[in-house]
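Undergrad: This is the structure I have questions about; it appears just below.
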Amino acid sequence: RWTYGEFFARVDRWSSALQALGVKRGDRVAYIAPNTHAQLESFYAVPQIGAVLVPLNYRLSADEFRYLIDHSGATVVCAASEYLDAVDSIRAALGGVRHFVALEHPREGWLDYESLVADGAPEVRRPSIDERDPITINYTSGTTSRPKGVVITHRNAWTNSVGILAHWALTP
């Protein structure tokens with residue numbers, strides 16, 4: 001359990017850690033994980049440094065992971081422990097990936113997420129982000145061919161939020 005303040009401090013430290021790894025505006029960061037705190041932290045940490053989050057369906061096969069990681073241009077792959085074997089099996093084919101991060105239970109050849117968060121600087125260098133910049137690339141589950149990537153921009157995300165407020169009649 002964390003307070004919101006503690007949660008956002010972790011988010012900022014993860015953003016700083018990504019920047020220390022060389023992740024910059026426009027770089028893609030792929031995640032293979034179920035709904036965990038690390039996955040939630042990614043939805044804030046990756047976009048605030050101008051990078052693009054690529055959340056992958058963790059129910060896919062290793063070959064499908066390979067295709068999506070390659071297709072998206074991901075330079076960092078973050079994976080929950082139950083997917084490390086799958087990623088290790090395709091690692092040689094992922095020439096564009098510079099860093100592999102184990103979200104828990106790290107092993108040889110993987111960076112440790114919790115150590116990176118703990119060592120991350122508390123201040124984040126936030127680049128200028130245009131509303132047309134991508135925030136995520138979401139992939140469909142292809143039934144007749146390879147999955148298609150759908151690019152969501154910062155403006156798309158904002159507009160969707162405003163739409164929810166209007167259509168659900170949410171109040172304070």
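Within each chain, counting starts at residue 1; across the structure tokens, chains are named A, B, ... in the order shown, with ligands numbered 1 upward in that order.
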Within 12 Å of region 16-27 of chain A, which residues of region 45-163 of chain A come that close, and what is the closest atom pair and distance in Å for each? Count only C-alpha atoms and give it as CSV.

TA:
```
residue,atom,partner,partner_atom,distance
A:Ala45,CA,A:Ser16,CA,8.6
A:Val46,CA,A:Leu18,CA,8.0
A:Pro47,CA,A:Arg25,CA,8.7
A:Gln48,CA,A:Arg25,CA,9.2
A:Ile49,CA,A:Arg25,CA,6.2
A:Gly50,CA,A:Arg25,CA,4.2
A:Ala51,CA,A:Arg25,CA,4.7
A:Val52,CA,A:Asp27,CA,6.0
A:Leu53,CA,A:Asp27,CA,8.7
A:Val54,CA,A:Asp27,CA,10.2
A:Ser72,CA,A:Asp27,CA,9.7
A:Gly73,CA,A:Asp27,CA,7.9
A:Ala74,CA,A:Asp27,CA,6.9
A:Thr75,CA,A:Asp27,CA,6.7
A:Val76,CA,A:Val23,CA,8.2
A:Val77,CA,A:Leu18,CA,11.4
A:Cys78,CA,A:Leu18,CA,11.2
A:Gly96,CA,A:Asp27,CA,11.1
A:Val97,CA,A:Asp27,CA,10.7
A:Arg98,CA,A:Leu21,CA,8.8
A:His99,CA,A:Leu21,CA,7.9
A:Phe100,CA,A:Leu21,CA,10.8
A:Val101,CA,A:Leu18,CA,10.4
A:Leu111,CA,A:Leu21,CA,10.6
A:Asp112,CA,A:Ala17,CA,11.2
A:Tyr113,CA,A:Ala17,CA,9.3
A:Glu114,CA,A:Ala17,CA,10.5
A:Ser115,CA,A:Ala17,CA,9.6
A:Leu116,CA,A:Ala17,CA,5.9
A:Val117,CA,A:Ala17,CA,6.5
A:Ala118,CA,A:Ala17,CA,9.0
A:Asp119,CA,A:Ala17,CA,7.4
A:Gly120,CA,A:Ala17,CA,4.7
A:Ala121,CA,A:Ser16,CA,5.6
A:Pro122,CA,A:Ser16,CA,7.2
A:Glu123,CA,A:Ser16,CA,7.0
A:Val124,CA,A:Ser16,CA,5.4
A:Arg125,CA,A:Ser16,CA,7.5
A:Arg126,CA,A:Arg25,CA,9.4
A:Pro127,CA,A:Arg25,CA,7.2
A:Ser128,CA,A:Arg25,CA,8.9
A:Ile129,CA,A:Arg25,CA,8.2
A:Asp130,CA,A:Arg25,CA,10.7
A:Arg132,CA,A:Gly26,CA,11.6
A:Asp133,CA,A:Gly26,CA,7.9
A:Pro134,CA,A:Gly26,CA,7.6
A:Ile135,CA,A:Gly26,CA,8.8
A:Thr136,CA,A:Gly26,CA,10.3
A:Ile137,CA,A:Gly26,CA,11.4
A:Thr153,CA,A:Gly26,CA,11.5
```

Undergrad: Using DSSP on the backbone coordinates, identify the residues of chain A assigned to helix (DSSP H, G or I); present them as a ChimeraX atom specification.

TA: /A:4-20,37-48,62-72,81-93,113-119,154-167

Undergrad: Please provide as a list of chain:residue names all residues within 9 Å of Ser42 (chain A), with the sequence filter that same-chain residues fewer than 4 positions apart are discarded (counting only C-alpha atoms).

TA: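 Here the answer would be A:Val11, A:Trp14, A:Ser15, A:Val29, A:Tyr31, A:His37, A:Ala38, A:Val46, A:Pro47, A:Leu53.
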
Undergrad: Restricting the calculation to only C-alpha atoms, which member of A:Leu40, A:Leu165, A:Ile32, A:Leu170 is positioned closest to Ala80 (chain A)?

TA: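 Looking at the shortest contact to Ala80 (chain A), the residue is A:Ile32.
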
Undergrad: Give me, as a VMD selection string, the residues of chain A that a backbone DSSP run labels strand (DSSP E).

TA: chain A and resid 28 to 32 52 to 56 74 to 79 99 to 102 111 to 112 134 to 139 149 to 153

Undergrad: Output N, CA and C atoms of each residue in that selection to a file, as a CSV table (one decimal), in the first residue's frame.

TA:
```csv
chain,number,residue,atom,x,y,z
A,28,ARG,N,10.2,4.0,-27.5
A,28,ARG,CA,9.1,3.1,-27.1
A,28,ARG,C,9.5,2.2,-26.0
A,29,VAL,N,8.7,2.1,-25.0
A,29,VAL,CA,8.9,1.2,-23.8
A,29,VAL,C,7.8,0.2,-23.7
A,30,ALA,N,8.1,-1.1,-24.0
A,30,ALA,CA,7.1,-2.2,-24.0
A,30,ALA,C,7.0,-2.8,-22.7
A,31,TYR,N,5.8,-3.2,-22.3
A,31,TYR,CA,5.5,-3.9,-21.1
A,31,TYR,C,4.7,-5.1,-21.3
A,32,ILE,N,5.2,-6.2,-20.7
A,32,ILE,CA,4.4,-7.5,-20.7
A,32,ILE,C,4.2,-7.8,-19.3
A,52,VAL,N,6.9,6.6,-25.4
A,52,VAL,CA,5.7,6.0,-25.8
A,52,VAL,C,5.5,4.7,-25.1
A,53,LEU,N,4.4,4.5,-24.4
A,53,LEU,CA,4.2,3.2,-23.7
A,53,LEU,C,3.6,2.2,-24.7
A,54,VAL,N,4.1,1.0,-24.7
A,54,VAL,CA,3.6,-0.1,-25.6
A,54,VAL,C,3.2,-1.2,-24.7
A,55,PRO,N,1.9,-1.2,-24.1
A,55,PRO,CA,1.5,-2.3,-23.3
A,55,PRO,C,1.0,-3.5,-24.2
A,56,LEU,N,1.7,-4.6,-23.9
A,56,LEU,CA,1.4,-5.8,-24.7
A,56,LEU,C,0.5,-6.8,-24.0
A,74,ALA,N,10.3,-0.8,-29.9
A,74,ALA,CA,10.7,-0.7,-28.5
A,74,ALA,C,12.2,-0.8,-28.3
A,75,THR,N,12.7,0.1,-27.4
A,75,THR,CA,14.1,0.1,-27.1
A,75,THR,C,14.3,-0.5,-25.6
A,76,VAL,N,13.2,-0.6,-24.9
A,76,VAL,CA,13.2,-1.1,-23.5
A,76,VAL,C,12.0,-2.1,-23.5
A,77,VAL,N,12.3,-3.3,-22.9
A,77,VAL,CA,11.2,-4.2,-22.6
A,77,VAL,C,11.2,-4.5,-21.1
A,78,CYS,N,10.0,-4.3,-20.5
A,78,CYS,CA,9.8,-4.6,-19.1
A,78,CYS,C,8.8,-5.8,-19.0
A,79,ALA,N,9.2,-6.7,-18.2
A,79,ALA,CA,8.3,-7.9,-18.2
A,79,ALA,C,8.2,-8.4,-16.7
A,99,HIS,N,17.6,-2.4,-23.4
A,99,HIS,CA,17.5,-2.8,-22.0
A,99,HIS,C,16.3,-3.7,-21.8
A,100,PHE,N,16.5,-4.7,-20.9
A,100,PHE,CA,15.5,-5.6,-20.5
A,100,PHE,C,15.4,-5.5,-19.0
A,101,VAL,N,14.1,-5.2,-18.5
A,101,VAL,CA,13.9,-4.9,-17.1
A,101,VAL,C,12.9,-5.9,-16.6
A,102,ALA,N,13.3,-6.6,-15.5
A,102,ALA,CA,12.5,-7.6,-14.8
A,102,ALA,C,11.7,-6.8,-13.8
A,111,LEU,N,17.8,-6.1,-15.9
A,111,LEU,CA,17.9,-5.1,-14.9
A,111,LEU,C,16.7,-5.3,-13.9
A,112,ASP,N,16.9,-4.9,-12.6
A,112,ASP,CA,16.0,-5.0,-11.5
A,112,ASP,C,15.1,-3.8,-11.4
A,134,PRO,N,2.7,10.9,-29.7
A,134,PRO,CA,2.1,9.6,-29.2
A,134,PRO,C,2.3,9.4,-27.7
A,135,ILE,N,1.3,8.9,-27.1
A,135,ILE,CA,1.4,8.5,-25.6
A,135,ILE,C,1.5,7.0,-25.5
A,136,THR,N,0.7,6.3,-26.4
A,136,THR,CA,0.8,4.8,-26.3
A,136,THR,C,0.6,4.3,-27.8
A,137,ILE,N,1.1,3.0,-27.9
A,137,ILE,CA,0.7,2.3,-29.1
A,137,ILE,C,0.1,1.0,-28.6
A,138,ASN,N,-1.2,0.9,-28.9
A,138,ASN,CA,-2.0,-0.3,-28.5
A,138,ASN,C,-2.2,-1.2,-29.7
A,139,TYR,N,-2.0,-2.5,-29.4
A,139,TYR,CA,-2.2,-3.5,-30.5
A,139,TYR,C,-3.5,-4.2,-30.4
A,149,GLY,N,-1.1,-1.9,-34.9
A,149,GLY,CA,-0.8,-0.9,-33.8
A,149,GLY,C,-1.7,0.3,-34.0
A,150,VAL,N,-2.3,0.8,-32.9
A,150,VAL,CA,-3.1,2.0,-32.9
A,150,VAL,C,-2.4,3.0,-32.1
A,151,VAL,N,-2.0,4.1,-32.7
A,151,VAL,CA,-1.3,5.2,-32.0
A,151,VAL,C,-2.3,6.1,-31.3
A,152,ILE,N,-2.1,6.3,-30.0
A,152,ILE,CA,-3.0,7.2,-29.3
A,152,ILE,C,-2.1,8.4,-28.9
A,153,THR,N,-2.5,9.6,-29.2
A,153,THR,CA,-1.8,10.8,-28.9
A,153,THR,C,-2.2,11.3,-27.5
```

Undergrad: Please identify all polymer residues within 9 Å of Glu64 (chain A), counting only C-alpha atoms, omitting same-chain residues fewer than 4 positions from it, and present them as a list in words.

TA: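 My list of contacting residues is Leu60, Leu68, Ile69, Arg146 and Pro147 of chain A.
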